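Here is the file query-v2.csv (CSV, C-alpha atoms).
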chain,number,residue,atom,x,y,z
A,1,MET,CA,92.8,124.2,103.9
A,2,SER,CA,95.2,121.5,102.9
A,3,ASP,CA,94.3,119.0,100.1
A,4,SER,CA,96.1,116.2,102.0
A,5,PRO,CA,93.8,113.4,103.3
A,6,ILE,CA,95.8,113.6,106.5
A,7,ASP,CA,95.0,116.5,108.8
A,8,PRO,CA,98.3,118.3,109.7
A,9,ARG,CA,97.4,118.1,113.4
A,10,LEU,CA,97.4,114.3,113.2
A,11,ARG,CA,100.3,113.6,110.8
A,12,GLY,CA,103.1,113.9,113.4
A,13,ALA,CA,101.4,111.4,115.6
A,14,LEU,CA,100.7,109.0,112.8
A,15,ASP,CA,104.3,109.3,111.5
A,16,LYS,CA,105.3,107.7,114.8
A,17,VAL,CA,103.1,104.6,114.3
A,18,ILE,CA,105.4,101.8,113.0
A,19,ASP,CA,104.0,98.9,111.1
A,20,PRO,CA,104.9,95.8,113.2
A,21,GLU,CA,105.9,93.7,110.2
A,22,LEU,CA,107.5,96.2,107.9
A,23,ARG,CA,109.1,98.3,110.7
A,24,ARG,CA,108.4,101.6,108.9
A,25,PRO,CA,105.9,104.4,109.5
A,26,ILE,CA,102.4,103.6,108.3
A,27,THR,CA,102.2,107.0,106.7
A,28,GLU,CA,105.3,106.2,104.6
A,29,LEU,CA,103.8,102.9,103.5
A,30,GLY,CA,100.5,104.4,102.3
A,31,MET,CA,98.5,102.7,105.0
A,32,VAL,CA,96.7,105.9,106.1
A,33,GLN,CA,93.8,106.6,103.7
A,34,SER,CA,92.5,109.6,105.6
A,35,ALA,CA,92.7,111.3,109.0
A,36,ARG,CA,90.7,114.3,110.2
A,37,VAL,CA,89.5,116.0,113.3
A,38,ASP,CA,85.9,116.6,114.0
A,39,GLY,CA,85.5,118.6,117.2
A,40,THR,CA,87.4,116.6,119.7
A,41,THR,CA,87.2,113.3,117.8
A,42,ALA,CA,90.0,112.1,115.5
A,43,HIS,CA,88.7,110.0,112.6
A,44,VAL,CA,91.2,107.8,110.7
A,45,THR,CA,90.9,105.2,108.0
A,46,ILE,CA,93.8,102.6,107.9
A,47,LEU,CA,94.4,100.3,105.0
A,48,LEU,CA,95.8,96.9,105.9
A,49,THR,CA,98.0,95.1,103.4
A,50,VAL,CA,95.7,92.1,103.2
A,51,SER,CA,92.4,91.0,104.6
A,52,GLY,CA,92.8,89.1,107.8
A,53,CYS,CA,96.2,90.8,108.6
A,54,PRO,CA,97.4,89.1,111.8
A,55,MET,CA,98.7,92.4,113.1
A,56,ARG,CA,95.4,94.3,112.7
A,57,GLY,CA,94.8,94.6,116.5
A,58,THR,CA,98.3,95.9,117.1
A,59,ILE,CA,98.0,98.6,114.4
A,60,GLU,CA,94.6,99.7,115.7
A,61,THR,CA,95.9,100.0,119.3
A,62,ASP,CA,99.0,101.9,118.3
A,63,VAL,CA,97.0,104.3,116.1
A,64,THR,CA,94.5,104.9,118.9
A,65,GLU,CA,97.2,105.6,121.5
A,66,ALA,CA,99.1,107.9,119.1
A,67,LEU,CA,96.1,110.0,118.2
A,68,GLY,CA,94.8,110.0,121.7
A,69,ALA,CA,97.9,111.9,122.8
A,70,VAL,CA,97.3,114.8,120.3
A,71,GLY,CA,96.2,118.0,122.0
A,72,GLY,CA,92.5,118.6,121.9
A,73,VAL,CA,91.6,115.0,120.9
A,74,THR,CA,89.5,113.1,123.5
A,75,ASP,CA,88.1,110.3,121.2
A,76,VAL,CA,89.6,108.3,118.4
A,77,SER,CA,87.6,106.5,115.7
A,78,VAL,CA,89.6,104.0,113.6
A,79,ASP,CA,88.1,102.5,110.5
A,80,VAL,CA,89.9,99.6,108.8
A,81,GLY,CA,90.0,98.8,105.1
A,82,VAL,CA,92.2,96.8,102.8
A,83,MET,CA,94.6,97.9,100.1
A,84,THR,CA,93.7,97.4,96.4
A,85,PRO,CA,95.9,95.3,94.2
A,86,ALA,CA,97.3,98.5,92.7
A,87,GLN,CA,98.1,99.9,96.2
A,88,ARG,CA,99.8,96.7,97.1
A,89,GLU,CA,102.0,96.9,94.0
A,90,GLU,CA,102.8,100.5,94.9
A,91,LEU,CA,103.8,99.3,98.4
A,92,GLN,CA,106.2,96.8,97.0
A,93,GLU,CA,107.7,99.5,94.9
A,94,THR,CA,108.1,101.7,98.0
A,95,LEU,CA,109.8,98.8,99.8
A,96,GLY,CA,112.0,98.2,96.8
A,97,HIS,CA,111.1,94.5,96.8
A,98,ARG,CA,112.3,92.6,93.8
A,99,LYS,CA,111.9,88.9,93.2
A,100,ALA,CA,115.6,88.3,93.6
A,101,ASN,CA,118.0,87.2,96.3
A,102,PRO,CA,119.4,90.4,97.7
A,103,PHE,CA,121.9,88.6,99.9
A,104,ALA,CA,123.8,87.2,96.9
A,105,ASP,CA,124.7,90.7,95.8
A,106,PRO,CA,128.4,91.3,96.7
A,107,HIS,CA,127.5,94.9,97.6
A,108,ASN,CA,124.9,93.8,100.2
A,109,LEU,CA,126.1,94.7,103.7
A,110,THR,CA,124.2,92.1,105.6
A,111,ARG,CA,126.4,89.7,107.4
A,112,VAL,CA,125.2,86.2,106.6
A,113,HIS,CA,126.0,83.2,108.9
A,114,ALA,CA,125.2,79.6,107.8
A,115,VAL,CA,125.0,77.7,111.1
A,116,THR,CA,125.9,74.0,110.5
A,117,SER,CA,126.9,70.9,112.4
A,118,GLY,CA,128.2,67.5,111.4
A,119,LYS,CA,125.3,65.6,113.1
A,120,GLY,CA,122.0,66.3,114.8
A,121,GLY,CA,121.4,66.6,118.5
A,122,VAL,CA,124.2,69.2,119.2
A,123,GLY,CA,121.8,72.1,119.9
A,124,LYS,CA,122.5,73.9,116.7
A,125,SER,CA,119.0,75.4,116.4
A,126,SER,CA,119.1,76.6,120.0
A,127,VAL,CA,122.5,78.2,119.4
A,128,THR,CA,121.2,79.9,116.3
A,129,VAL,CA,118.1,81.3,118.0
A,130,ASN,CA,120.1,82.5,121.1
A,131,ILE,CA,122.7,84.2,119.0
A,132,ALA,CA,120.0,86.0,117.0
A,133,ALA,CA,118.3,87.0,120.2
A,134,ALA,CA,121.5,88.4,121.7
A,135,LEU,CA,122.2,90.4,118.5
A,136,ALA,CA,118.7,91.8,118.5
A,137,ALA,CA,119.2,92.9,122.1
A,138,MET,CA,122.3,94.8,120.9
A,139,GLY,CA,120.0,96.8,118.7
A,140,ARG,CA,120.6,94.8,115.5
A,141,THR,CA,118.0,93.8,113.0
A,142,VAL,CA,118.3,90.1,112.5
A,143,GLY,CA,116.8,87.6,110.1
A,144,ILE,CA,116.6,83.8,110.6
A,145,VAL,CA,115.9,81.4,107.8
A,146,ASP,CA,115.0,78.0,109.2
A,147,ALA,CA,116.6,76.0,106.4
A,148,ASP,CA,116.3,72.7,108.3
A,149,ILE,CA,113.3,71.7,106.2
A,150,HIS,CA,112.8,68.2,107.6
A,151,GLY,CA,113.6,69.1,111.2
A,152,PHE,CA,112.3,72.7,111.5
A,153,SER,CA,112.2,74.0,115.1
A,154,VAL,CA,113.0,77.7,115.1
A,155,PRO,CA,109.3,79.0,115.3
A,156,GLY,CA,108.8,76.9,118.5
A,157,LEU,CA,112.0,78.0,120.0
A,158,LEU,CA,110.9,81.6,119.6
A,159,GLY,CA,107.2,81.0,120.5
A,160,ILE,CA,106.0,82.1,117.1
A,161,THR,CA,102.5,81.2,116.3
A,162,GLN,CA,101.7,84.0,113.8
A,163,PRO,CA,101.8,83.0,110.1
A,164,PRO,CA,103.6,85.1,107.5
A,165,THR,CA,101.6,87.7,105.6
A,166,ARG,CA,101.5,87.4,101.8
A,167,VAL,CA,101.2,90.6,99.8
A,168,GLY,CA,101.1,89.7,96.2
A,169,ASP,CA,104.3,87.7,95.5
A,170,MET,CA,106.0,89.2,98.6
A,171,ILE,CA,106.0,87.4,102.0
A,172,LEU,CA,106.3,89.4,105.2
A,173,PRO,CA,107.9,87.2,107.9
A,174,PRO,CA,106.7,87.2,111.5
A,175,VAL,CA,108.7,89.7,113.7
A,176,VAL,CA,109.9,89.0,117.3
A,177,GLU,CA,110.7,92.0,119.4
A,178,VAL,CA,113.2,92.3,122.3
A,179,PRO,CA,111.3,92.4,125.6
A,180,VAL,CA,110.9,96.0,126.8
A,181,ASP,CA,112.2,95.4,130.3
A,182,LEU,CA,115.2,93.2,129.3
A,183,THR,CA,118.6,94.1,130.7
A,184,THR,CA,121.8,92.5,129.4
A,185,PRO,CA,125.1,91.5,131.0
A,186,ALA,CA,128.1,93.9,130.7
A,187,ASP,CA,130.5,93.4,127.7
A,188,ASP,CA,132.8,91.2,129.8
A,189,ALA,CA,129.8,88.9,130.6
A,190,ALA,CA,131.2,88.2,134.1
A,191,PRO,CA,128.9,87.0,136.8
A,192,GLY,CA,127.5,89.8,138.9
A,193,ALA,CA,128.8,92.5,136.5
A,194,SER,CA,126.8,95.6,136.0
A,195,ARG,CA,123.8,95.3,133.6
A,196,ARG,CA,122.3,97.7,131.1
A,197,ARG,CA,119.0,98.0,129.3
A,198,ALA,CA,118.8,96.1,126.1
A,199,GLU,CA,118.4,97.8,122.8
A,200,ARG,CA,115.2,97.2,120.8
A,201,GLY,CA,116.3,95.2,117.8
A,202,VAL,CA,114.0,92.7,116.2
A,203,ILE,CA,114.2,89.1,114.7
A,204,LYS,CA,112.4,88.3,111.5
A,205,VAL,CA,111.8,84.6,111.0
A,206,ILE,CA,110.8,82.4,108.1
A,207,SER,CA,110.4,78.6,108.3
A,208,ILE,CA,108.6,75.8,106.3
A,209,GLY,CA,106.9,75.1,109.6
A,210,MET,CA,104.8,78.2,109.0
A,211,PHE,CA,103.3,76.7,105.9
A,212,VAL,CA,102.7,73.0,106.7
A,213,ASP,CA,101.0,71.0,109.3
A,214,PRO,CA,103.7,70.6,112.1
A,215,SER,CA,102.5,67.1,112.8
A,216,GLN,CA,103.1,65.9,109.2
A,217,PRO,CA,106.5,65.0,107.8
A,218,VAL,CA,108.0,67.1,105.0
A,219,ALA,CA,108.9,64.3,102.5
A,220,TRP,CA,110.9,66.4,100.0
A,221,ARG,CA,114.0,65.6,98.0
A,222,GLY,CA,116.9,67.6,96.5
A,223,PRO,CA,115.3,69.9,93.9
A,224,MET,CA,112.4,70.8,96.2
A,225,LEU,CA,114.7,71.5,99.1
A,226,HIS,CA,116.8,73.8,97.0
A,227,ARG,CA,113.7,75.6,95.7
A,228,ALA,CA,112.3,76.1,99.2
A,229,VAL,CA,115.5,77.8,100.4
A,230,GLU,CA,115.7,79.8,97.3
A,231,GLN,CA,112.1,81.1,97.8
A,232,PHE,CA,112.9,82.0,101.4
A,233,LEU,CA,115.7,84.2,100.1
A,234,THR,CA,113.8,85.7,97.1
A,235,ASP,CA,110.1,86.0,98.1
A,236,VAL,CA,110.5,87.0,101.8
A,237,HIS,CA,110.9,90.7,102.4
A,238,PHE,CA,113.4,90.9,105.2
A,239,GLY,CA,114.3,94.6,104.6
A,240,ASP,CA,117.6,95.9,105.6
A,241,LEU,CA,119.2,93.3,108.0
A,242,ASP,CA,122.4,93.6,110.0
A,243,HIS,CA,122.7,89.8,110.3
A,244,LEU,CA,121.0,86.9,108.6
A,245,LEU,CA,121.4,83.5,110.2
A,246,LEU,CA,120.5,80.2,108.4
A,247,ASP,CA,119.8,77.2,110.6
A,248,LEU,CA,121.0,74.4,108.3
A,249,PRO,CA,120.2,70.7,108.7
A,250,PRO,CA,123.1,68.6,110.0
A,251,GLY,CA,125.6,67.2,107.6
A,252,THR,CA,126.9,68.1,104.1
A,253,GLY,CA,123.8,67.3,102.0
A,254,ASP,CA,121.6,69.1,99.5
A,255,ILE,CA,120.7,72.2,101.6
A,256,ALA,CA,124.3,72.9,102.7
A,257,ILE,CA,125.4,72.8,99.1
A,258,SER,CA,122.4,75.0,98.0
A,259,VAL,CA,123.3,77.6,100.6
A,260,GLY,CA,126.8,77.7,99.3
A,261,GLN,CA,125.5,78.3,95.8
A,262,LEU,CA,122.8,80.8,96.7
A,263,LEU,CA,124.9,82.7,99.3
A,264,PRO,CA,128.5,82.6,98.2
A,265,ASN,CA,129.4,85.4,100.6
A,266,SER,CA,128.1,83.7,103.7
A,267,GLY,CA,130.3,82.7,106.6
A,268,VAL,CA,130.0,79.2,108.1
A,269,LEU,CA,129.6,78.8,111.9
A,270,VAL,CA,130.3,75.2,113.0
A,271,VAL,CA,128.5,73.9,116.1
A,272,SER,CA,129.7,70.7,117.8
A,273,THR,CA,129.7,69.0,121.2
A,274,PRO,CA,132.9,68.5,123.2
A,275,GLN,CA,133.4,64.7,122.8
A,276,HIS,CA,136.2,63.7,120.4
A,277,ALA,CA,133.9,61.2,118.7
A,278,ALA,CA,132.1,64.1,117.2
A,279,VAL,CA,135.2,66.0,116.0
A,280,THR,CA,135.7,64.3,112.6
A,281,VAL,CA,132.0,64.6,111.8
A,282,ALA,CA,131.8,68.3,112.7
A,283,GLU,CA,135.0,69.0,110.8
A,284,ARG,CA,133.5,67.7,107.6
A,285,SER,CA,130.7,70.2,107.8
A,286,GLY,CA,133.2,73.0,108.1
A,287,ALA,CA,135.5,71.6,105.4
A,288,LEU,CA,132.6,71.7,102.9
A,289,ALA,CA,133.1,75.5,102.8
A,290,GLN,CA,136.3,74.9,100.9
A,291,GLN,CA,134.3,73.4,98.1
A,292,THR,CA,131.6,76.1,98.1
A,293,ASP,CA,133.9,79.1,98.3
A,294,GLN,CA,132.6,80.1,101.7
A,295,LYS,CA,134.6,81.0,104.8
A,296,VAL,CA,134.4,79.3,108.2
A,297,THR,CA,133.8,82.1,110.7
A,298,GLY,CA,134.4,80.0,113.7
A,299,VAL,CA,133.5,77.1,115.9
A,300,VAL,CA,131.0,77.0,118.8
A,301,GLU,CA,131.3,74.1,121.3
A,302,ASN,CA,127.9,73.5,122.8
A,303,MET,CA,127.0,71.4,125.8
A,304,SER,CA,130.4,72.0,127.3
A,305,ALA,CA,131.2,71.4,131.0
A,306,MET,CA,128.2,71.9,133.3
A,307,VAL,CA,128.7,74.4,136.1
A,308,LEU,CA,127.4,72.8,139.3
A,309,PRO,CA,125.9,74.8,142.3
A,310,ASP,CA,129.2,74.6,144.2
A,311,GLY,CA,131.1,76.1,141.3
A,312,THR,CA,132.7,72.8,140.1
A,313,ARG,CA,132.5,71.7,136.5
A,314,MET,CA,131.1,68.4,135.3
A,315,GLU,CA,132.3,67.3,131.8
A,316,VAL,CA,129.3,65.3,130.8
A,317,PHE,CA,130.3,65.0,127.2
A,318,GLY,CA,134.1,65.3,127.7
A,319,SER,CA,136.2,68.3,126.7
A,320,GLY,CA,138.4,69.8,124.1
A,321,GLY,CA,136.4,68.9,121.0
A,322,GLY,CA,135.7,72.5,119.9
A,323,ALA,CA,139.3,73.5,120.2
A,324,THR,CA,140.4,70.5,118.2
A,325,ILE,CA,137.9,71.3,115.4
A,326,ALA,CA,139.1,74.9,115.3
A,327,ALA,CA,142.7,73.9,115.2
A,328,SER,CA,142.1,71.3,112.5
A,329,LEU,CA,140.1,73.6,110.3
A,330,THR,CA,142.7,76.3,110.7
A,331,GLU,CA,145.4,74.0,109.4
A,332,ARG,CA,143.2,72.5,106.6
A,333,LEU,CA,141.8,75.8,105.3
A,334,GLY,CA,144.9,77.9,105.6
A,335,TYR,CA,143.4,80.7,107.7
A,336,ASP,CA,142.5,81.3,111.3
A,337,VAL,CA,139.3,79.5,112.4
A,338,PRO,CA,138.7,80.6,116.1
A,339,LEU,CA,136.8,78.8,118.8
A,340,LEU,CA,134.2,81.5,119.5
A,341,GLY,CA,132.7,80.0,122.6
A,342,GLU,CA,132.2,77.0,124.9
A,343,ILE,CA,128.6,77.0,125.9
A,344,PRO,CA,128.1,75.0,129.2
A,345,LEU,CA,125.4,72.4,129.5
A,346,ASP,CA,122.7,74.4,131.3
A,347,VAL,CA,119.2,73.2,132.1
A,348,THR,CA,117.9,76.8,131.9
A,349,VAL,CA,118.5,76.8,128.1
A,350,ARG,CA,116.2,73.8,127.7
A,351,GLU,CA,113.6,75.2,130.1
A,352,ALA,CA,113.5,78.5,128.2
A,353,ALA,CA,113.3,76.7,124.8
A,354,ASP,CA,110.3,74.7,126.0
A,355,ARG,CA,108.5,78.0,126.8
A,356,GLY,CA,109.4,79.4,123.4
A,357,GLU,CA,111.9,81.9,124.8
A,358,PRO,CA,115.6,82.4,124.1
A,359,ALA,CA,117.7,81.8,127.2
A,360,VAL,CA,119.7,85.0,126.6
A,361,TRP,CA,116.4,86.8,127.3
A,362,ALA,CA,114.9,84.6,129.9
A,363,ASN,CA,118.0,84.1,132.0
A,364,PRO,CA,120.7,86.4,130.7
A,365,GLU,CA,123.0,85.8,133.7
A,366,SER,CA,122.9,82.0,133.5
A,367,PRO,CA,126.2,80.3,132.6
A,368,ALA,CA,125.1,79.3,129.1
A,369,ALA,CA,123.6,82.7,128.3
A,370,ARG,CA,126.7,84.6,129.3
A,371,HIS,CA,128.8,82.5,126.9
A,372,LEU,CA,126.1,82.9,124.1
A,373,TRP,CA,126.3,86.7,124.6
A,374,GLU,CA,130.1,86.4,124.0
A,375,VAL,CA,129.6,84.4,120.8
A,376,ALA,CA,127.1,87.0,119.5
A,377,ARG,CA,129.4,89.9,120.3
A,378,ALA,CA,132.3,88.1,118.5
A,379,LEU,CA,130.1,87.7,115.4
A,380,ASP,CA,129.0,91.3,115.6
A,381,GLU,CA,132.5,92.6,116.0
A,382,LEU,CA,133.5,91.1,112.7
A,383,GLY,CA,132.0,94.3,111.3
A,384,ARG,CA,130.7,95.2,107.9
A,385,ASP,CA,133.7,95.2,105.6
A,386,LEU,CA,133.2,98.1,103.2
A,387,ALA,CA,136.5,97.7,101.3
A,388,GLY,CA,135.8,97.5,97.6
A,389,ARG,CA,132.1,97.8,98.0
A,390,SER,CA,129.9,100.3,96.2
A,391,LEU,CA,128.0,102.6,98.6
A,392,GLY,CA,125.7,103.9,96.0
A,393,ILE,CA,127.0,107.4,96.3
A,394,THR,CA,127.7,109.6,93.3
A,395,VAL,CA,130.2,112.4,93.7
A,396,ARG,CA,129.3,115.4,91.6
A,397,GLY,CA,131.9,117.9,90.5
Show me this structure written as structure tokens.
Amino acid sequence: MSDSPIDPRLRGALDKVIDPELRRPITELGMVQSARVDGTTAHVTILLTVSGCPMRGTIETDVTEALGAVGGVTDVSVDVGVMTPAQREELQETLGHRKANPFADPHNLTRVHAVTSGKGGVGKSSVTVNIAAALAAMGRTVGIVDADIHGFSVPGLLGITQPPTRVGDMILPPVVEVPVDLTTPADDAAPGASRRRAERGVIKVISIGMFVDPSQPVAWRGPMLHRAVEQFLTDVHFGDLDHLLLDLPPGTGDIAISVGQLLPNSGVLVVSTPQHAAVTVAERSGALAQQTDQKVTGVVENMSAMVLPDGTRMEVFGSGGGATIAASLTERLGYDVPLLGEIPLDVTVREAADRGEPAVWANPESPAARHLWEVARALDELGRDLAGRSLGITVRG
């Protein structure tokens, strides 16, 4: 007989149960206190990280389904307990969580994108959410920090109602999964091109809107704004991310400067509308990168020409603004700043946002979604630059 609290007949099935917040097997996280078989009934005791864990139902269902598929098991009994403080501390050690900003480490391989704009109303948050959703559908693990403290909107755009989970001094962000049946456009994003099943990446999100009454204004000034962004980066356990997107407030104020200080290796993605009246304003938000030692990754022109049913294009907000900003920043900064995409004005984007769903998932073949896919692919193809970085590998002679 084994001394393990988990019956070997059940371990394989439990190893396949993934915690929905931490995205790791529950056996690896110390969440299975015991598991045994009595006749044809599997008895298992699961330890949640905290009392009132919002994902309790999901975990119970997944455990029941996994053990129900074990040969000889016809019934499953799941008891639920809560970790002790000592067990939660051990969990944090298992996760390697430290009260520090991992994304400031020059050896960190996460690609960080600060999404900014010169002024509000250009659809910056919508662009951020849809790029994240497209990256997740490519199989990437993506984080979003809703750094627009006064005008937070990311939770609503993704339909998130679940609060974060606090485990000691560690915060576990809500997780949004790619829909199971989603198919994506081909790489060329051409209308009518062949489609393929999406990968199952995830989006992990944190926002001040998850901690305050959404109907009340957040009346904070500089030091508090800096501290809020810093806590999002140090206290929230995002785990290993491929991409981290920060939805910044418009302009070149406190938070934009704080992000430059806290994330010196981040790239800046400038979002603007096509009209030339917005060019100078948007250019200033990109030029700030010169003062914060960041690099402008590119420019996205949002609300570009609307594609009408007969195929003609209506330039509601004019044209050429994005290209002008990209050319101006290229000259000013001394390196190539590409125009990554021109996202057409598209009512399906607004309709999907009102439902709390990214347009690239809801209507992946729509004109705006196809261009958003292109922007996401362009950001992903920047790749993880390993030159000069420590891989943590020791070569022994």
- request: Go through A:Glu28, A:Glu357, A:Asp247, A:Glu283 and flag the residue nearest A:Gly123, using only C-alpha atoms for the distances.
  value: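 With only C-alpha atoms as the atom set, the closest residue is A:Asp247.
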Nearby residues, (99.8, 96.4, 92.8) file frame, 12 Å, all atoms listed in the file, as a VMD selection string: chain A and resid 49 to 50 83 to 94 167 to 170
message: Can you pull out the residues contacting A:Val82? Cut-off 9 Å, using all atoms listed in the file, and skip same-chain residues under 4 positions away; I want them as a PyMOL selection string.
response: chain A and resi 31+46-51
message: Would you pick out the contacts of stretch 228-235 of chain A at 6 Å or less, using all atoms listed in the file, so that residues sharing its chain but fewer than 4 positions from it are not included, and give the list as a ChimeraX atom specification?
response: /A:99-101,170-171
task: Fewer than 2 positions away in the same chain doesn't count, so skip those; otherwise give me all residues within 7 Å of A:Leu248, counting all atoms listed in the file, as an NGL selection string.
output: :A and (114-116 or 147-148 or 246 or 250 or 256)
- prompt: Any idea what the distance is between atom CA of A:Ser266 and atom CA of A:Ile325?
  reply: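 Interatomic distance here is 19.7 Å.
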- request: Determine, counting all atoms listed in the file, which protein, DNA and RNA residues have an atom within 8 Å of an atom of A:Leu157; residues of the same chain fewer than 3 positions away are not included. Present the result as a ChimeraX atom specification.
  value: /A:126,129,153-154,160,353-358
task: Would you mind reading off the distance between atom CA of A:Gly260 and atom CA of A:Val296, one decimal, in Å?
output: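 Between atom CA of A:Gly260 and atom CA of A:Val296 the gap works out to 11.8 Å.
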field: Counting only C-alpha atoms, the residue of A:Leu158, A:Leu172, A:Ala278, A:Leu244 that sits nearest A:Ile144
entry: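 For A:Ile144, the nearest of the candidates is A:Leu244.
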Interatomic distance, atom CA of A:Thr128 to atom CA of A:Ala326 (Å, one decimal): 18.6 Å
query: Need the neighbours of (109.8, 93.2, 104.9): which residues are at most 6 Å away, counting all atoms listed in the file, as number ranges by chain?
result: A: 22, 172, 237-239
